[in-house]
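So the structure is just underneath, and the comments pick up after that.
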Amino acid sequence: MTALICVGMIAGAYGVRGELRVKSYCATPSDIENYAPLLDESGTRSFELSLVGQIKNGFSARIIGVETKEQADMLRSTQLFARREDLPALPDDEYYYSDLIGLQVCDTGGVEIGHVKSVMNHGADDLLEVTVPGASDTALIPFTKAIVPTVDLAARRIVIDPPEGLL
């Protein structure tokens with residue numbers, strides 16, 4: 001199956017004529033429209049999305065076949081996915097979050113620390129959530145060049161240089 005990358009979400013209806021509120025997770029938010037047809041998480045439903053206007057926290061949009069507020073409401077919380085091959089190639093030192101999940105995390109001495117569980121962004125820098133074997137909690141590692149000097153996607157490995165007391 002083709003790899004899918006989450007590029008946005010339907011937040012609900014916008015008005016009474018079938019328009020939707022859409023949140024984009026793209027670096028350039030309006031690019032979400034360029035990846036149509038978008039898919040649901042299972043990859044079985046497709047959506048021809050066209051942006052109508054910009055609204056607070058996203059866009060108003062139309063999807064072919066959605067004509068009423070009730071139909072739009074039924075799509076609330078639907079995540080929108082693009083096929084990996086439809087997304088642009090990234091420059092060196094930039095990564096799609098999905099590429100980082102599952103990578104082994106080692107320190108600069110080669111000692112395994114754990115694996116990337118998720119990548120979070122709460123408005124500042126990205127954080128790697130790392131599962132640490134034998135620990136009940138996960139570790140949050142700032143995803144900065146100083147702390148994460150090496151990401152080797154081919155080897156499925158990240159090297160970190162954590163400051164004293166981080167782990």
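Please note that chains go A, B, ... in the order of the structure tokens, that every chain numbers its residues from 1, and that ligands are numbered from 1 in the order shown.
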Next on the checklist: For Asp40 in chain A, find every residue with an atom within 9 Å (counting only C-alpha atoms), except residues of its own chain fewer than 6 positions away, and show them as a list of chain:residue names.
Outcome noted: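 Counting only the stated atoms, we get A:Cys6, A:Ser46, A:Phe47, A:Thr78, A:Gln79, A:Leu80, A:Phe81, A:Ala82.
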Can you write just those residues out, all heavy atoms, as a PDB file, in the first residue's frame?
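See selection-v2.pdb below for the written result:
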ATOM      1  N   CYS A   6      -0.517  12.584   6.698  1.00  0.00           N
ATOM      2  CA  CYS A   6      -1.627  13.434   7.115  1.00  0.00           C
ATOM      3  C   CYS A   6      -1.274  14.887   6.810  1.00  0.00           C
ATOM      4  O   CYS A   6      -0.264  15.399   7.288  1.00  0.00           O
ATOM      5  CB  CYS A   6      -1.917  13.257   8.603  1.00  0.00           C
ATOM      6  SG  CYS A   6      -3.384  14.156   9.148  1.00  0.00           S
ATOM      7  N   SER A  46     -11.931   9.025  -1.077  1.00  0.00           N
ATOM      8  CA  SER A  46     -11.146  10.139  -1.599  1.00  0.00           C
ATOM      9  C   SER A  46     -11.997  11.401  -1.621  1.00  0.00           C
ATOM     10  O   SER A  46     -13.228  11.342  -1.722  1.00  0.00           O
ATOM     11  CB  SER A  46     -10.589   9.825  -2.987  1.00  0.00           C
ATOM     12  OG  SER A  46     -11.625   9.788  -3.934  1.00  0.00           O
ATOM     13  N   PHE A  47     -11.319  12.541  -1.522  1.00  0.00           N
ATOM     14  CA  PHE A  47     -11.990  13.833  -1.447  1.00  0.00           C
ATOM     15  C   PHE A  47     -11.331  14.799  -2.425  1.00  0.00           C
ATOM     16  O   PHE A  47     -10.122  15.024  -2.350  1.00  0.00           O
ATOM     17  CB  PHE A  47     -11.894  14.417  -0.026  1.00  0.00           C
ATOM     18  CG  PHE A  47     -12.389  13.498   1.049  1.00  0.00           C
ATOM     19  CD1 PHE A  47     -11.515  12.741   1.794  1.00  0.00           C
ATOM     20  CD2 PHE A  47     -13.752  13.391   1.315  1.00  0.00           C
ATOM     21  CE1 PHE A  47     -11.963  11.894   2.793  1.00  0.00           C
ATOM     22  CE2 PHE A  47     -14.222  12.545   2.315  1.00  0.00           C
ATOM     23  CZ  PHE A  47     -13.321  11.795   3.048  1.00  0.00           C
ATOM     24  N   THR A  78     -12.529  14.181  10.274  1.00  0.00           N
ATOM     25  CA  THR A  78     -11.898  13.308   9.294  1.00  0.00           C
ATOM     26  C   THR A  78     -10.514  13.849   8.975  1.00  0.00           C
ATOM     27  O   THR A  78     -10.370  15.004   8.587  1.00  0.00           O
ATOM     28  CB  THR A  78     -12.734  13.230   7.993  1.00  0.00           C
ATOM     29  OG1 THR A  78     -14.020  12.699   8.293  1.00  0.00           O
ATOM     30  CG2 THR A  78     -12.057  12.365   6.952  1.00  0.00           C
ATOM     31  N   GLN A  79      -9.506  13.020   9.175  1.00  0.00           N
ATOM     32  CA  GLN A  79      -8.155  13.423   8.814  1.00  0.00           C
ATOM     33  C   GLN A  79      -7.986  13.246   7.313  1.00  0.00           C
ATOM     34  O   GLN A  79      -8.504  12.302   6.720  1.00  0.00           O
ATOM     35  CB  GLN A  79      -7.133  12.588   9.568  1.00  0.00           C
ATOM     36  CG  GLN A  79      -7.101  12.899  11.045  1.00  0.00           C
ATOM     37  CD  GLN A  79      -6.012  12.129  11.755  1.00  0.00           C
ATOM     38  OE1 GLN A  79      -5.909  10.923  11.600  1.00  0.00           O
ATOM     39  NE2 GLN A  79      -5.206  12.832  12.527  1.00  0.00           N
ATOM     40  N   LEU A  80      -7.244  14.167   6.707  1.00  0.00           N
ATOM     41  CA  LEU A  80      -7.013  14.160   5.270  1.00  0.00           C
ATOM     42  C   LEU A  80      -5.567  13.773   4.986  1.00  0.00           C
ATOM     43  O   LEU A  80      -4.639  14.360   5.537  1.00  0.00           O
ATOM     44  CB  LEU A  80      -7.323  15.539   4.688  1.00  0.00           C
ATOM     45  CG  LEU A  80      -8.757  16.026   4.907  1.00  0.00           C
ATOM     46  CD1 LEU A  80      -8.899  17.484   4.504  1.00  0.00           C
ATOM     47  CD2 LEU A  80      -9.738  15.146   4.149  1.00  0.00           C
ATOM     48  N   PHE A  81      -5.396  12.782   4.128  1.00  0.00           N
ATOM     49  CA  PHE A  81      -4.068  12.248   3.830  1.00  0.00           C
ATOM     50  C   PHE A  81      -3.744  12.418   2.352  1.00  0.00           C
ATOM     51  O   PHE A  81      -4.622  12.320   1.495  1.00  0.00           O
ATOM     52  CB  PHE A  81      -4.005  10.753   4.172  1.00  0.00           C
ATOM     53  CG  PHE A  81      -4.071  10.478   5.642  1.00  0.00           C
ATOM     54  CD1 PHE A  81      -5.290  10.460   6.309  1.00  0.00           C
ATOM     55  CD2 PHE A  81      -2.914  10.252   6.368  1.00  0.00           C
ATOM     56  CE1 PHE A  81      -5.348  10.214   7.671  1.00  0.00           C
ATOM     57  CE2 PHE A  81      -2.965  10.003   7.733  1.00  0.00           C
ATOM     58  CZ  PHE A  81      -4.184   9.986   8.383  1.00  0.00           C
ATOM     59  N   ALA A  82      -2.473  12.654   2.076  1.00  0.00           N
ATOM     60  CA  ALA A  82      -1.963  12.703   0.709  1.00  0.00           C
ATOM     61  C   ALA A  82      -1.035  11.512   0.519  1.00  0.00           C
ATOM     62  O   ALA A  82      -0.440  11.001   1.482  1.00  0.00           O
ATOM     63  CB  ALA A  82      -1.206  13.999   0.472  1.00  0.00           C
TER      64      ALA A  82
END
### Query
Any idea what's packed within 9 Å of range 110-124 of chain A, counting only C-alpha atoms, ignoring anything in its chain fewer than 6 positions away? Could you give it as a ChimeraX atom specification?
/A:97-98,100-104,130-133,138,143,157-159
Dump as a PDB file, in the first residue's frame, selection limited to N, CA, C and O atoms:
ATOM      1  N   TYR A  97       7.378  14.156   9.536  1.00  0.00           N
ATOM      2  CA  TYR A  97       7.266  13.523  10.848  1.00  0.00           C
ATOM      3  C   TYR A  97       7.177  12.002  10.721  1.00  0.00           C
ATOM      4  O   TYR A  97       7.792  11.266  11.481  1.00  0.00           O
ATOM      5  N   SER A  98       6.409  11.542   9.760  1.00  0.00           N
ATOM      6  CA  SER A  98       6.205  10.097   9.622  1.00  0.00           C
ATOM      7  C   SER A  98       7.502   9.359   9.321  1.00  0.00           C
ATOM      8  O   SER A  98       7.629   8.181   9.627  1.00  0.00           O
ATOM      9  N   LEU A 100      10.303   9.950  10.764  1.00  0.00           N
ATOM     10  CA  LEU A 100      11.074   9.853  12.007  1.00  0.00           C
ATOM     11  C   LEU A 100      10.516   8.818  12.976  1.00  0.00           C
ATOM     12  O   LEU A 100      11.250   8.270  13.798  1.00  0.00           O
ATOM     13  N   ILE A 101       9.231   8.539  12.880  1.00  0.00           N
ATOM     14  CA  ILE A 101       8.600   7.610  13.821  1.00  0.00           C
ATOM     15  C   ILE A 101       9.158   6.202  13.620  1.00  0.00           C
ATOM     16  O   ILE A 101       9.250   5.705  12.505  1.00  0.00           O
ATOM     17  N   GLY A 102       9.570   5.616  14.731  1.00  0.00           N
ATOM     18  CA  GLY A 102      10.124   4.268  14.711  1.00  0.00           C
ATOM     19  C   GLY A 102      11.638   4.220  14.598  1.00  0.00           C
ATOM     20  O   GLY A 102      12.234   3.154  14.763  1.00  0.00           O
ATOM     21  N   LEU A 103      12.298   5.368  14.327  1.00  0.00           N
ATOM     22  CA  LEU A 103      13.746   5.352  14.207  1.00  0.00           C
ATOM     23  C   LEU A 103      14.399   5.072  15.560  1.00  0.00           C
ATOM     24  O   LEU A 103      13.924   5.505  16.598  1.00  0.00           O
ATOM     25  N   GLN A 104      15.505   4.348  15.508  1.00  0.00           N
ATOM     26  CA  GLN A 104      16.297   4.075  16.705  1.00  0.00           C
ATOM     27  C   GLN A 104      16.995   5.368  17.121  1.00  0.00           C
ATOM     28  O   GLN A 104      17.470   6.128  16.276  1.00  0.00           O
ATOM     29  N   VAL A 130      10.421   9.873  22.770  1.00  0.00           N
ATOM     30  CA  VAL A 130      11.219   8.661  22.644  1.00  0.00           C
ATOM     31  C   VAL A 130      10.835   7.675  23.734  1.00  0.00           C
ATOM     32  O   VAL A 130      10.812   8.019  24.915  1.00  0.00           O
ATOM     33  N   THR A 131      10.506   6.441  23.315  1.00  0.00           N
ATOM     34  CA  THR A 131      10.265   5.386  24.296  1.00  0.00           C
ATOM     35  C   THR A 131      11.618   4.869  24.749  1.00  0.00           C
ATOM     36  O   THR A 131      12.498   4.595  23.937  1.00  0.00           O
ATOM     37  N   VAL A 132      11.777   4.762  26.048  1.00  0.00           N
ATOM     38  CA  VAL A 132      13.038   4.319  26.635  1.00  0.00           C
ATOM     39  C   VAL A 132      12.790   2.967  27.286  1.00  0.00           C
ATOM     40  O   VAL A 132      11.962   2.856  28.187  1.00  0.00           O
ATOM     41  N   PRO A 133      13.500   1.903  26.836  1.00  0.00           N
ATOM     42  CA  PRO A 133      13.303   0.582  27.427  1.00  0.00           C
ATOM     43  C   PRO A 133      13.541   0.609  28.944  1.00  0.00           C
ATOM     44  O   PRO A 133      14.491   1.221  29.424  1.00  0.00           O
ATOM     45  N   THR A 138       7.975   8.336  28.673  1.00  0.00           N
ATOM     46  CA  THR A 138       8.773   8.601  27.487  1.00  0.00           C
ATOM     47  C   THR A 138       9.652   9.821  27.753  1.00  0.00           C
ATOM     48  O   THR A 138       9.383  10.600  28.660  1.00  0.00           O
ATOM     49  N   PHE A 143      14.104  18.689  19.075  1.00  0.00           N
ATOM     50  CA  PHE A 143      14.612  18.319  17.753  1.00  0.00           C
ATOM     51  C   PHE A 143      15.319  19.522  17.142  1.00  0.00           C
ATOM     52  O   PHE A 143      14.819  20.184  16.244  1.00  0.00           O
ATOM     53  N   ARG A 157      18.182   5.562  11.939  1.00  0.00           N
ATOM     54  CA  ARG A 157      18.832   5.882  13.199  1.00  0.00           C
ATOM     55  C   ARG A 157      18.996   7.389  13.376  1.00  0.00           C
ATOM     56  O   ARG A 157      19.289   8.101  12.432  1.00  0.00           O
ATOM     57  N   ILE A 158      18.801   7.836  14.609  1.00  0.00           N
ATOM     58  CA  ILE A 158      19.021   9.215  14.998  1.00  0.00           C
ATOM     59  C   ILE A 158      20.084   9.214  16.094  1.00  0.00           C
ATOM     60  O   ILE A 158      20.028   8.391  17.006  1.00  0.00           O
ATOM     61  N   VAL A 159      21.049  10.130  15.970  1.00  0.00           N
ATOM     62  CA  VAL A 159      22.068  10.283  17.002  1.00  0.00           C
ATOM     63  C   VAL A 159      21.753  11.578  17.750  1.00  0.00           C
ATOM     64  O   VAL A 159      21.530  12.621  17.120  1.00  0.00           O
TER      65      VAL A 159
END
As a check of understanding: the span from CA of Gly18 in chain A to CA of Gly53 in chain A is 14.0 Å
(Q) For a quick check of understanding, using only C-alpha atoms, which of A:Tyr35, A:Ile5, A:Ile10, A:Arg21 has the smallest distance to Asp86 in chain A? (A)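 For Asp86 in chain A, the nearest of the given residues is A:Tyr35.
You will find CA of Asp31 in chain A at 15.7 Å from CA of Ile63 in chain A.
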